[in-house]
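Below you'll find the structure, written out as structure tokens, and then a few comments.
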Amino acid sequence: MNFRDKKLADAAGKKIAKLAGKKKIRLMHVCGTHEDTITKFGIRGLLPENLEVLSGPGCPVCVTPAKEIDEAIKLAEGNVITTFGDMLKVPGSRGCLSDAKADGCDVRVVYSISDSLKMARSSKGEVTHIGIGFETTAPTTAAALLQGPPENFSVLSCHRLVPPALEALLSSGEVKIGGFIQPGHVSTIIGAKVYEPVSEKFKIPQVIAGFEPLDVLFGIITLLEMLDKGECGVKNEYSRVVHYEGNKKAQAAMGECFDIVDTKWRGFPKIPKSGLELNEKFEGFDARKKFNLKVKDSADMPAGCRCADVLKGLIYPNECPLFGKICKPDEPVGPCMVSAEGSCAIWYKYKR
Amino acid sequence: MCLAIPGKILEADGPEGIVDFGGTKRKVRLDLVDAGVGDYVIVHVGYAIEIMDEKEAKETLKYWSEHLL
Ligand code: SF4
């Protein structure tokens, strides 16, 4: 038996229908990988109509503001830039990294920051890695910094933290959410404990779930049972990987390298204490300081793009008038169509 | 972005190891976990981020089978 067992999935579907009854219920997940599982396996098709699973701001590439892309492009004028593939086509205010590459800049896609370190070690020129990602990825940036990088290495930190975004979303009151499905791999690092204040403050149930179809279905059942009983704590369905306290070694590595700062998310106003900046000790590797980067703020949303509403769970991707017509993965208009983790790209890929 | 997949550690040499992902072998950094040869780890962008507990996996499935079937 495994986490894709058909018999168990059918039984889970029946249980969900029974628990949901006729009440209108809206759950939200905040992870591109969850959206992929849900869309790929047609999980929404298994749910009764009154039960919605929305997608929130769960794609780090999508929530990176245009200004940070502009910063990366500015750095690419002199430095070798290394980044994860998803970042190449994300629009800044004047084009994307892939345009910079076409213009002759040295932009390289890496699988890991350790590849970028190797490049810096074997060259004389400046190598800047775009440090993007939530709590899952930030510890890998920290680990690389703690390895003692060469002087020609630097990081443009675009790392962001998930729990402050959840708070911002709930505080805005724009979207009514009955429960959260929390991302398994962010939670692997931060642990279940971190979500407890959110549950207390907003009286909302939360479940940490893995990425197999059954993980998601079990997560939904757990939330529905909690709603039924009026419980508003945090449950952990992904206990094979996630611990209550999280990965302390990874947390310590992050603590050693980063300060937590207020930062803007694409589609959102500035969110307090939601970003990571290299701290004083690692200042010498902070690309913004090292190269005295000064880039102006710019508009985050291309005209007509409704990514801001997609990221807040206010609309589904196919409710954007540009979806699949003007905006496609080959010619993306907004960031949610660019990244493989963006909701619009996922919906397009699976033709929803 | 937060995609991470499980694999089994075949070799470990200080902070680096070789992990088998169902037949594909890759070098993986082990800085962030206390894992050794034989452990299943969850790997994200070249770093192991946690050990996967097989016993817990079985227990989760057992719990849900009893609960649902
Ligand atoms: S379909 Fe394209 S334009 Fe519309 S919200 Fe998604 S990314 Fe933005």
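Naming works like this for the structure tokens: A, B, ... for the chains as they're shown, residue 1 at the start of each chain, ligands 1 onward in shown order.
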
* **7 Å shell around ligand 1 using only C-alpha atoms and all ligand atoms, listed as a count of residues only** => 21

* Skipping near chain neighbours, those fewer than 6 positions away, what residues fall within 6 Å of segment 47-59 of chain B using only C-alpha atoms, listed as an MDAnalysis selection string? -> (chainID A and resid 240:241) or (chainID B and resid 28:30 32:33 40:41)

* Identify all chain A residues at most 6 Å from chain B by counting only C-alpha atoms; ligands do not count. Present them as a list in words. => Ala11, Tyr111, Ser112, Arg240, Val241, Lys249 and Ala250 of chain A

Kindly export the residues of the current selection with N, CA, C and O atoms, as a JSON list (two decimals), in the first residue's frame.
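Written out: part.json:
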[["chain", "number", "residue", "atom", "x", "y", "z"],
["A", 11, "ALA", "N", -12.21, 5.81, -0.74],
["A", 11, "ALA", "CA", -12.81, 5.88, 0.60],
["A", 11, "ALA", "C", -12.66, 7.30, 1.17],
["A", 11, "ALA", "O", -13.58, 7.82, 1.81],
["A", 111, "TYR", "N", 21.28, 23.79, -10.39],
["A", 111, "TYR", "CA", 20.37, 22.93, -9.65],
["A", 111, "TYR", "C", 20.46, 23.25, -8.16],
["A", 111, "TYR", "O", 19.47, 23.16, -7.42],
["A", 112, "SER", "N", 21.65, 23.69, -7.75],
["A", 112, "SER", "CA", 21.88, 23.91, -6.32],
["A", 112, "SER", "C", 22.85, 25.07, -6.13],
["A", 112, "SER", "O", 23.70, 25.33, -6.99],
["A", 240, "ARG", "N", 5.87, 11.57, 8.76],
["A", 240, "ARG", "CA", 7.02, 10.77, 8.34],
["A", 240, "ARG", "C", 8.22, 11.66, 8.03],
["A", 240, "ARG", "O", 9.34, 11.20, 7.94],
["A", 241, "VAL", "N", 7.96, 12.96, 7.89],
["A", 241, "VAL", "CA", 9.05, 13.89, 7.59],
["A", 241, "VAL", "C", 9.09, 15.09, 8.56],
["A", 241, "VAL", "O", 10.15, 15.52, 8.98],
["A", 249, "LYS", "N", 18.78, 22.01, 13.07],
["A", 249, "LYS", "CA", 20.07, 22.30, 12.46],
["A", 249, "LYS", "C", 19.89, 23.34, 11.34],
["A", 249, "LYS", "O", 20.68, 24.28, 11.22],
["A", 250, "ALA", "N", 18.84, 23.15, 10.56],
["A", 250, "ALA", "CA", 18.57, 24.09, 9.47],
["A", 250, "ALA", "C", 18.17, 25.46, 10.03],
["A", 250, "ALA", "O", 18.58, 26.50, 9.52]]

Can you list, as a short mmCIF file (atom, residue, chain, number, x, y, z; two decimals) with N, CA and C atoms, in the first residue's frame, every protein, DNA or RNA residue that comes within 9 Å of Lys27 of chain B when you count only C-alpha atoms, leaving out same-chain residues fewer than 3 positions away?
data_model
loop_
_atom_site.label_atom_id
_atom_site.label_comp_id
_atom_site.auth_asym_id
_atom_site.auth_seq_id
_atom_site.Cartn_x
_atom_site.Cartn_y
_atom_site.Cartn_z
N GLU B 16 29.20 15.56 2.51
CA GLU B 16 28.69 15.18 1.20
C GLU B 16 28.34 13.70 1.14
N GLY B 17 27.33 13.37 0.37
CA GLY B 17 26.96 11.97 0.24
C GLY B 17 26.47 11.67 -1.16
N ILE B 18 26.34 10.37 -1.45
CA ILE B 18 25.75 9.95 -2.72
C ILE B 18 24.38 9.38 -2.37
N VAL B 19 23.36 9.94 -3.05
CA VAL B 19 22.00 9.51 -2.77
C VAL B 19 21.40 8.86 -4.02
N GLY B 46 19.66 19.98 -3.95
CA GLY B 46 21.00 19.45 -3.67
C GLY B 46 21.35 19.29 -2.21
#

* Which residues come within 10 Å of Lys14 of chain A, counting only C-alpha atoms, excluding same-chain residues fewer than 5 positions away, as a PyMOL selection string? -> (chain A and resi 8-9+19-20+46-48) or (chain B and resi 68)

* So which residues touch Asp215 of chain A within 9 Å, counting only C-alpha atoms, skipping near sequence neighbours fewer than 5 positions away, as a PyMOL selection string? -> chain A and resi 3-4+209-210+220+237-238

Go ahead and save the residues from that selection, with N, CA and C atoms, as a CSV table (one decimal), in the first residue's frame.
chain,number,residue,atom,x,y,z
A,3,PHE,N,1.0,5.9,-0.8
A,3,PHE,CA,0.2,7.1,-0.7
A,3,PHE,C,-0.5,7.5,-2.0
A,4,ARG,N,-0.6,6.5,-2.9
A,4,ARG,CA,-1.5,6.7,-4.1
A,4,ARG,C,-2.5,5.6,-4.2
A,209,ALA,N,0.6,18.9,5.4
A,209,ALA,CA,0.4,17.7,4.5
A,209,ALA,C,1.5,17.5,3.6
A,210,GLY,N,1.8,16.2,3.2
A,210,GLY,CA,2.8,15.9,2.2
A,210,GLY,C,2.2,16.1,0.8
A,220,ILE,N,-7.3,17.1,3.9
A,220,ILE,CA,-8.6,17.7,3.8
A,220,ILE,C,-9.6,17.1,4.9
A,237,GLU,N,-0.1,15.8,9.3
A,237,GLU,CA,-0.4,14.6,8.6
A,237,GLU,C,0.9,14.0,8.0
A,238,TYR,N,1.9,14.8,7.9
A,238,TYR,CA,3.2,14.5,7.2
A,238,TYR,C,4.3,14.1,8.2

* as a PyMOL selection string, which residues of chain B does DSSP assign to strand (DSSP E or B)? -> chain B and resi 5-13+16-21+24-29+40-44+47-51

* Quick one: residues within 8 Å of Arg121 of chain A, only C-alpha atoms counted, chain neighbours fewer than 3 positions away excluded, as an MDAnalysis selection string? -> chainID A and resid 117:118 124 149:150

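Take the candidates A:Thr141, A:Ser239, A:Ser171, A:Ser298 and check each one against Asp286 of chain A using only C-alpha atoms; the shortest distance goes to A:Thr141.
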
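With only C-alpha atoms as the atoms that count, the residue of A:Leu161, A:Ile25, A:Leu97, A:Val30 with the shortest distance to Val207 of chain A is A:Val30.
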
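For Ala142 of chain A, the residues within 10 Å (counting only C-alpha atoms, excluding itself and residues fewer than 3 positions away along the chain) are Ile113, Gly131, Thr137, Ala138, Pro139, Leu145, Leu146, Gln147, Ala250, Gln251, Ala252, Ala253, Met254, Gly255, Glu256, Cys257, Phe258, Leu278 and Phe282 of chain A; Leu32 of chain B.
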
Please produce an output containing C-alpha atoms for each residue in the selection, written as a JSON list (two decimals), in the first residue's frame.
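Contents of out_34.json, as written:
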[["chain", "number", "residue", "atom", "x", "y", "z"],
["A", 113, "ILE", "CA", 23.69, 26.82, -4.69],
["A", 131, "GLY", "CA", 18.78, 33.22, -3.28],
["A", 137, "THR", "CA", 15.42, 26.79, 0.42],
["A", 138, "ALA", "CA", 16.81, 29.49, 2.72],
["A", 139, "PRO", "CA", 18.77, 26.95, 4.86],
["A", 145, "LEU", "CA", 27.54, 30.76, 3.33],
["A", 146, "LEU", "CA", 28.67, 28.73, 6.33],
["A", 147, "GLN", "CA", 30.93, 26.65, 4.08],
["A", 250, "ALA", "CA", 18.57, 24.09, 9.47],
["A", 251, "GLN", "CA", 16.96, 26.72, 11.72],
["A", 252, "ALA", "CA", 20.32, 27.34, 13.40],
["A", 253, "ALA", "CA", 22.03, 27.75, 10.02],
["A", 254, "MET", "CA", 19.41, 30.33, 9.00],
["A", 255, "GLY", "CA", 19.75, 32.11, 12.32],
["A", 256, "GLU", "CA", 23.50, 32.39, 11.85],
["A", 257, "CYS", "CA", 23.27, 34.04, 8.45],
["A", 258, "PHE", "CA", 20.07, 36.05, 8.20],
["A", 278, "LEU", "CA", 22.12, 38.60, 5.14],
["A", 282, "PHE", "CA", 27.82, 37.96, 6.16],
["B", 32, "LEU", "CA", 21.52, 20.26, 7.37]]

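The gap separating atom CA of Pro329 of chain A from atom CA of Thr82 of chain A is 22.0 Å, in Å to one decimal.
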